[in-house]
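Undergrad: I'm passing along upload_24.cif; it holds mmCIF, C-alpha atoms.
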```cif
data_input
#
loop_
_atom_site.label_atom_id
_atom_site.label_comp_id
_atom_site.auth_asym_id
_atom_site.auth_seq_id
_atom_site.Cartn_x
_atom_site.Cartn_y
_atom_site.Cartn_z
CA MET T 1 -4.88 62.61 59.60
CA ILE T 2 -5.64 63.39 55.96
CA ASP T 3 -2.59 64.24 53.84
CA TRP T 4 -3.20 67.67 52.29
CA GLU T 5 -1.43 66.65 49.06
CA ASP T 6 -3.83 63.70 48.71
CA LEU T 7 -6.78 66.05 49.16
CA ARG T 8 -5.29 68.55 46.73
CA GLY T 9 -4.80 65.87 44.10
CA PHE T 10 -8.39 64.71 44.48
CA ALA T 11 -9.67 68.30 44.27
CA ALA T 12 -7.78 68.73 40.99
CA LEU T 13 -9.28 65.50 39.63
CA ALA T 14 -12.77 66.63 40.59
CA ARG T 15 -12.19 70.00 38.93
CA HIS T 16 -10.65 68.79 35.66
CA GLY T 17 -12.44 65.44 35.29
CA THR T 18 -9.43 63.40 34.15
CA LEU T 19 -6.17 62.20 35.64
CA SER T 20 -4.20 63.85 32.84
CA GLY T 21 -6.00 67.18 33.28
CA ALA T 22 -5.40 67.16 37.02
CA ALA T 23 -1.75 66.20 36.47
CA ARG T 24 -1.19 69.08 34.03
CA ALA T 25 -2.76 71.53 36.46
CA LEU T 26 -0.52 70.45 39.34
CA GLY T 27 2.59 69.84 37.25
CA VAL T 28 2.91 66.15 38.15
CA GLU T 29 2.54 62.77 36.45
CA HIS T 30 -0.96 61.34 36.07
CA ALA T 31 0.17 58.29 38.06
CA THR T 32 0.85 60.63 40.99
CA ILE T 33 -2.75 61.84 40.93
CA ALA T 34 -3.98 58.23 40.84
CA ARG T 35 -1.85 57.38 43.88
CA ARG T 36 -3.05 60.46 45.76
CA VAL T 37 -6.69 59.63 45.15
CA ALA T 38 -6.18 55.98 46.16
CA ALA T 39 -4.40 57.08 49.35
CA LEU T 40 -7.22 59.50 50.21
CA GLU T 41 -9.83 56.78 49.68
CA ALA T 42 -7.85 54.42 51.91
CA GLY T 43 -7.44 57.07 54.59
CA LEU T 44 -11.12 57.97 54.62
CA GLY T 45 -12.40 54.43 54.14
CA LEU T 46 -14.62 55.69 51.31
CA ARG T 47 -14.87 55.06 47.59
CA LEU T 48 -14.67 58.51 46.06
CA VAL T 49 -14.29 57.63 42.37
CA ASP T 50 -16.32 55.20 40.27
CA ARG T 51 -13.75 53.55 37.98
CA ARG T 52 -16.16 51.47 35.94
CA GLY T 53 -15.87 52.12 32.23
CA ARG T 54 -13.40 54.51 30.59
CA LYS T 55 -14.61 57.71 32.29
CA LEU T 56 -13.96 58.46 35.93
CA MET T 57 -17.05 59.58 37.84
CA LEU T 58 -17.28 60.81 41.41
CA THR T 59 -19.45 58.83 43.78
CA PRO T 60 -22.00 60.71 45.93
CA GLU T 61 -19.46 60.67 48.76
CA GLY T 62 -16.79 61.84 46.33
CA LEU T 63 -18.91 64.82 45.31
CA ARG T 64 -19.31 65.89 48.93
CA VAL T 65 -15.60 65.46 49.68
CA ALA T 66 -14.72 67.36 46.49
CA ASP T 67 -16.92 70.27 47.56
CA SER T 68 -15.23 70.37 50.96
CA ALA T 69 -11.77 69.99 49.41
CA GLY T 70 -12.47 72.85 47.01
CA ARG T 71 -13.35 75.21 49.86
CA MET T 72 -10.27 74.15 51.82
CA GLU T 73 -8.06 74.62 48.78
CA ALA T 74 -9.46 78.10 48.10
CA GLU T 75 -8.71 79.18 51.67
CA ALA T 76 -5.22 77.68 51.59
CA LEU T 77 -4.44 79.41 48.29
CA ALA T 78 -5.71 82.72 49.63
CA ALA T 79 -3.32 82.36 52.59
CA GLU T 80 -0.46 81.62 50.18
CA ARG T 81 -1.23 84.73 48.14
CA ILE T 82 -1.30 86.89 51.30
CA ALA T 83 2.07 85.50 52.39
CA LEU T 84 3.64 85.98 48.97
CA ALA T 85 2.38 89.55 48.67
CA ALA T 86 3.80 90.40 52.11
CA ARG T 87 7.37 89.35 51.27
CA ALA T 88 9.73 92.27 50.81
CA GLU T 89 12.70 90.36 49.40
CA LEU T 90 13.09 89.60 45.72
CA SER T 91 13.37 85.83 46.05
CA GLY T 92 11.20 82.82 45.36
CA ARG T 93 9.45 81.15 42.43
CA VAL T 94 7.05 82.87 40.03
CA THR T 95 5.06 80.73 37.58
CA LEU T 96 4.03 82.17 34.22
CA SER T 97 1.51 80.52 31.88
CA ALA T 98 1.63 81.66 28.23
CA PRO T 99 1.05 80.34 24.71
CA PRO T 100 4.17 78.30 23.86
CA ALA T 101 5.23 80.04 20.62
CA LEU T 102 4.61 83.50 22.05
CA ALA T 103 6.55 82.69 25.22
CA ALA T 104 9.52 81.41 23.22
CA ALA T 105 9.60 84.30 20.76
CA ARG T 106 8.84 87.26 23.03
CA LEU T 107 9.43 86.31 26.67
CA ALA T 108 12.18 83.71 27.06
CA ALA T 109 15.11 86.06 26.42
CA PRO T 110 14.00 89.02 28.60
CA LEU T 111 12.99 86.69 31.45
CA ALA T 112 16.36 84.92 31.21
CA ARG T 113 18.09 88.28 31.59
CA LEU T 114 15.88 89.07 34.59
CA VAL T 115 16.88 85.80 36.28
CA GLU T 116 20.55 86.51 35.56
CA ARG T 117 20.44 89.81 37.46
CA SER T 118 18.13 88.52 40.25
CA PRO T 119 19.95 85.63 41.99
CA GLY T 120 17.10 84.84 44.38
CA LEU T 121 14.41 84.66 41.72
CA VAL T 122 13.17 81.49 40.00
CA ILE T 123 10.86 81.86 37.00
CA GLU T 124 8.91 78.84 35.79
CA VAL T 125 7.45 79.38 32.31
CA ARG T 126 4.71 76.98 31.27
CA GLY T 127 3.96 76.99 27.57
CA GLU T 128 0.27 76.10 27.53
CA LYS T 129 -2.61 76.21 25.09
CA ARG T 130 -5.11 76.06 27.91
CA GLU T 131 -5.91 78.90 30.29
CA ALA T 132 -4.39 78.26 33.70
CA LEU T 133 -6.67 78.96 36.67
CA LEU T 134 -4.99 81.77 38.58
CA ASP T 135 -7.36 81.54 41.55
CA ARG T 136 -6.15 77.94 41.94
CA ARG T 137 -2.48 78.98 41.79
CA GLU T 138 -1.98 76.94 38.62
CA ALA T 139 0.10 79.98 37.69
CA ASP T 140 0.90 83.35 39.28
CA ILE T 141 0.80 85.29 36.01
CA ALA T 142 -0.75 84.51 32.66
CA VAL T 143 -0.32 85.95 29.17
CA ARG T 144 -3.44 85.30 27.09
CA LEU T 145 -4.79 86.04 23.63
CA SER T 146 -8.30 86.68 24.94
CA ARG T 147 -9.43 88.97 27.71
CA PRO T 148 -10.67 87.02 30.74
CA ARG T 149 -14.14 87.69 32.03
CA GLY T 150 -14.92 87.47 35.72
CA GLY T 151 -12.72 86.42 38.58
CA ASP T 152 -10.71 88.52 41.03
CA LEU T 153 -8.11 89.36 38.39
CA ASN T 154 -6.05 92.36 37.37
CA VAL T 155 -5.93 92.58 33.56
CA VAL T 156 -3.56 94.73 31.45
CA ARG T 157 -3.47 94.96 27.65
CA LEU T 158 0.05 94.31 26.37
CA GLY T 159 -0.58 94.97 22.69
CA ALA T 160 -1.73 93.03 19.66
CA ILE T 161 -0.29 90.49 17.24
CA GLY T 162 -1.22 90.02 13.61
CA PHE T 163 -1.95 86.72 11.86
CA ARG T 164 -1.61 86.13 8.10
CA PHE T 165 -1.71 83.26 5.66
CA TYR T 166 1.70 81.92 4.67
CA ALA T 167 3.00 79.24 2.33
CA ASN T 168 6.18 78.02 0.72
CA PRO T 169 6.70 80.04 -2.52
CA GLU T 170 7.35 76.85 -4.52
CA PHE T 171 4.00 75.46 -3.34
CA VAL T 172 2.29 78.69 -4.42
CA ALA T 173 4.03 78.66 -7.81
CA ARG T 174 3.06 75.09 -8.69
CA THR T 175 -0.44 74.99 -7.19
CA PRO T 176 -3.40 77.04 -8.40
CA PRO T 177 -5.42 78.59 -5.55
CA GLU T 178 -8.43 76.33 -6.17
CA ALA T 179 -6.17 73.31 -5.57
CA TRP T 180 -4.51 74.60 -2.39
CA SER T 181 -4.44 72.39 0.67
CA PHE T 182 -4.15 73.79 4.17
CA SER T 183 -2.28 73.13 7.39
CA ALA T 184 -4.07 73.64 10.72
CA ASP T 185 -3.74 73.33 14.47
CA ASP T 186 -5.16 70.25 16.16
CA GLU T 187 -8.60 70.16 17.78
CA SER T 188 -7.34 71.81 20.99
CA LEU T 189 -7.27 75.16 19.12
CA ALA T 190 -10.14 74.55 16.70
CA ALA T 191 -12.17 77.40 18.25
CA ALA T 192 -9.30 79.92 18.17
CA PRO T 193 -10.08 82.92 15.92
CA GLN T 194 -7.16 82.23 13.58
CA GLN T 195 -8.30 78.64 13.04
CA VAL T 196 -11.91 79.71 12.48
CA TRP T 197 -10.55 82.17 9.90
CA LEU T 198 -8.54 79.40 8.21
CA ALA T 199 -11.57 77.10 8.03
CA ARG T 200 -13.68 79.87 6.50
CA VAL T 201 -11.07 80.75 3.85
CA ALA T 202 -10.28 77.12 3.05
CA GLY T 203 -13.95 76.37 2.43
CA ARG T 204 -14.17 73.00 0.71
CA ARG T 205 -10.44 72.81 0.08
CA PRO T 206 -8.84 70.14 2.28
CA VAL T 207 -6.82 70.43 5.47
CA ARG T 208 -4.12 67.83 4.85
CA PHE T 209 -1.67 68.51 7.68
CA VAL T 210 -2.61 68.88 11.35
CA ALA T 211 -0.04 69.75 14.02
CA SER T 212 -0.15 70.01 17.79
CA THR T 213 2.43 72.81 18.00
CA ALA T 214 3.16 75.97 16.04
CA GLU T 215 6.76 74.85 15.56
CA LEU T 216 5.65 71.62 13.86
CA GLN T 217 3.20 73.49 11.67
CA LEU T 218 5.86 76.04 10.72
CA ALA T 219 8.30 73.30 9.71
CA ALA T 220 5.59 71.60 7.64
CA ALA T 221 4.63 74.83 5.86
CA ARG T 222 8.29 75.53 5.04
CA ALA T 223 8.48 72.03 3.55
CA GLY T 224 5.47 72.70 1.31
CA ALA T 225 2.62 71.17 3.32
CA GLY T 226 0.18 73.85 2.20
CA VAL T 227 -1.22 77.16 3.38
CA ALA T 228 -1.21 77.94 7.09
CA VAL T 229 -2.03 80.83 9.43
CA PHE T 230 0.84 82.10 11.57
CA PRO T 231 1.39 85.06 13.86
CA ASP T 232 3.75 87.49 12.18
CA PHE T 233 6.32 87.23 14.98
CA LEU T 234 6.73 83.50 14.35
CA VAL T 235 7.60 84.03 10.68
CA ALA T 236 9.95 86.99 11.19
CA GLY T 237 13.29 86.08 9.64
CA VAL T 238 11.92 82.98 7.88
CA HIS T 239 12.85 83.37 4.20
CA ASP T 240 11.19 80.31 2.68
CA LEU T 241 7.61 81.41 3.42
CA VAL T 242 5.65 84.20 1.75
CA ALA T 243 2.61 86.06 3.04
CA LEU T 244 -0.50 85.57 0.92
CA ASP T 245 -2.99 88.33 0.16
CA LEU T 246 -6.33 86.56 0.23
CA GLY T 247 -8.39 89.70 0.48
CA GLY T 248 -9.24 91.66 3.58
CA PRO T 249 -6.96 92.81 6.40
CA PRO T 250 -4.84 90.46 8.54
CA LEU T 251 -6.43 89.00 11.64
CA GLU T 252 -5.39 90.79 14.82
CA ARG T 253 -5.56 89.40 18.35
CA GLU T 254 -5.00 91.36 21.53
CA VAL T 255 -2.50 90.14 24.11
CA TRP T 256 -3.41 90.40 27.79
CA LEU T 257 -1.43 90.08 30.99
CA VAL T 258 -3.43 88.63 33.87
CA VAL T 259 -2.59 88.33 37.57
CA HIS T 260 -4.69 87.66 40.66
CA ARG T 261 -5.37 90.92 42.51
CA ASP T 262 -3.89 89.52 45.72
CA LEU T 263 -0.53 89.00 44.00
CA ARG T 264 -0.15 92.09 41.86
CA THR T 265 1.96 93.94 44.47
CA ALA T 266 4.16 90.99 45.49
CA PRO T 267 7.77 92.04 44.73
CA THR T 268 8.64 88.87 42.82
CA VAL T 269 5.44 89.00 40.78
CA ARG T 270 5.78 92.73 40.20
CA VAL T 271 9.28 92.46 38.76
CA VAL T 272 8.19 89.71 36.35
CA ILE T 273 5.16 91.75 35.27
CA ASP T 274 7.37 94.77 34.62
CA CYS T 275 9.74 92.61 32.56
CA ILE T 276 6.87 91.26 30.43
CA ARG T 277 5.41 94.71 29.83
CA GLU T 278 8.78 96.08 28.81
CA ALA T 279 9.31 93.16 26.43
CA PHE T 280 6.08 94.00 24.62
CA ARG T 281 6.84 97.73 24.54
CA GLU T 282 10.15 96.98 22.81
CA ALA T 283 8.67 94.49 20.31
#
```
Can the structure in the file be given as C-alpha cells, please?

TA:
Amino acid sequence: MIDWEDLRGFAALARHGTLSGAARALGVEHATIARRVAALEAGLGLRLVDRRGRKLMLTPEGLRVADSAGRMEAEALAAERIALAARAELSGRVTLSAPPALAAARLAAPLARLVERSPGLVIEVRGEKREALLDRREADIAVRLSRPRGGDLNVVRLGAIGFRFYANPEFVARTPPEAWSFSADDESLAAAPQQVWLARVAGRRPVRFVASTAELQLAAARAGAGVAVFPDFLVAGVHDLVALDLGGPPLEREVWLVVHRDLRTAPTVRVVIDCIREAFREA
C-alpha cells in the first residue's frame, strides 16, 4: 500500500520544483520531503526523480505519478474542506498566511486575544512573502497585498496601507540627495510595487544594503544605512527615522483577505476572519 504522506510529499515536490519549496509548503524539513520521495520510489519500484546535476527533474514515470497524485490530493483536500465547514463547534486549527511585518504589527495581538477567549481554537500564523496556495490547504486564510485572480476563492478588501521613503535624520543632514544610498528588500520582493518604486527613484544611485526581512531593513535604516521604503504602520512610534518628501503622493497598496469558498462558513474560519476584519477596521 502506498503511504499517503509519501504521495503528498512527492506531489508538493512536483508542484514547487525544489525540496525546500515543497518543505515550506507542507511545513516540514526538506530532508523529510527527500525521505518521502525515496520511500515512494521504493514502494512503487520506480525512479520518479532524476537527481543528476543540481536541479531535480521528474522522470516520465514521475510526471505521470505526479499528475495522478495531484488529482488525488485535490479530492482529499476537498473532502477536508467539506468536513471542516460542517463542524459546529469552535475548536480546531486554523492556518493564516500573511506578510510577516503586517502580521506582527496588525494581527498578532487581536488573534492572541481571540485564542485566549476560545479555548478550543488553535491559530497558526505563517509569516510568508510568498502566496500560499489555498486550494492546496497550504493555509486556510490568507492576507495579501495584491488581489488574487482566478481560483475558487472568496476575496474581501480589508483596507489599504501607505508606503513612504524614510531615513535616519543624521544621514539626511550629512548626505546631499545626489549622494544618497538606498536600502532594499532582497530579490524575493524585487517585483513588489514598493521596490519597483524605490528602484525608479534611486535611479543610478546605489543600493548598498539588502535585507531579507522588514525588521532587518528597519534596523539598518535607523542605524544610517540609507534611504528605504517602509509601510507607515512599521514606522509608527519610531523616532529616529523621518519621512522624506521626494515628490508625488505616497505609494498605496490594498490589503485583501482571501479564503477558499468551501471554508468561508466554517465556524473556526469564520471567527478568525471576523477578528482580522475587526483589526483592520480599528487600525

Undergrad: Any chance you could work out the residue set of the PyMOL selection byres ((chain T and resi 97-108) around 8) here, as a compact mmCIF listing (two decimals) with C-alpha atoms, in the frame of the given file?

TA:
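Everything below was put into selection39.txt:
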```
# COMPACT_ATOMS: atom_id res chain seq x y z
CA THR T 95 5.06 80.73 37.58
CA LEU T 96 4.03 82.17 34.22
CA ALA T 109 15.11 86.06 26.42
CA PRO T 110 14.00 89.02 28.60
CA LEU T 111 12.99 86.69 31.45
CA ALA T 112 16.36 84.92 31.21
CA VAL T 125 7.45 79.38 32.31
CA ARG T 126 4.71 76.98 31.27
CA GLY T 127 3.96 76.99 27.57
CA GLU T 128 0.27 76.10 27.53
CA LYS T 129 -2.61 76.21 25.09
CA GLU T 131 -5.91 78.90 30.29
CA ALA T 132 -4.39 78.26 33.70
CA ALA T 139 0.10 79.98 37.69
CA ASP T 140 0.90 83.35 39.28
CA ILE T 141 0.80 85.29 36.01
CA ALA T 142 -0.75 84.51 32.66
CA VAL T 143 -0.32 85.95 29.17
CA ARG T 144 -3.44 85.30 27.09
CA ALA T 214 3.16 75.97 16.04
CA GLU T 215 6.76 74.85 15.56
CA PHE T 233 6.32 87.23 14.98
CA LEU T 234 6.73 83.50 14.35
CA ILE T 276 6.87 91.26 30.43
CA ALA T 279 9.31 93.16 26.43
CA PHE T 280 6.08 94.00 24.62
CA ALA T 283 8.67 94.49 20.31
```

Undergrad: Taking into account only C-alpha atoms, which residue in the set T:Ser183, T:Ala74, T:Ala243, T:Val196 is nearest to Val210 (chain T)?

TA: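 Between T:Ser183, T:Ala74, T:Ala243, T:Val196, the residue approaching Val210 (chain T) most closely is T:Ser183.
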
Undergrad: To test your reading of the syntax: which residues would the PyMOL selection byres ((chain T and resi 150-165) around 6) return for the file shown? Reply as a list in words.

TA: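 Expected selection for the PyMOL selection byres ((chain T and resi 150-165) around 6) here is Arg149, Tyr166, Ala228, Val229, Phe230, Pro231, Asp232, Ala243, Leu244, Pro250, Leu251, Glu252, Arg253, Glu254, Val255, Trp256, Leu257, Val258, Val259, His260 and Arg261 of chain T.
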
Undergrad: What gap, in Å, lies between CA of Val94 (chain T) and CA of Val122 (chain T)?

TA: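 If I compute the distance from CA of Val94 (chain T) to CA of Val122 (chain T), I get 6.3 Å.
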
Undergrad: Where does the PyMOL selection byres ((chain T and resi 224) around 8) land in this file, that is, which residues does it pick, as an MDAnalysis selection string?

TA: chainID T and resid 167:168 170:171 220:223 225:226

Undergrad: By how many Å are CA of Gly45 (chain T) and CA of Asp6 (chain T) apart?

TA: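 Distance between the two atoms: 13.7 Å.
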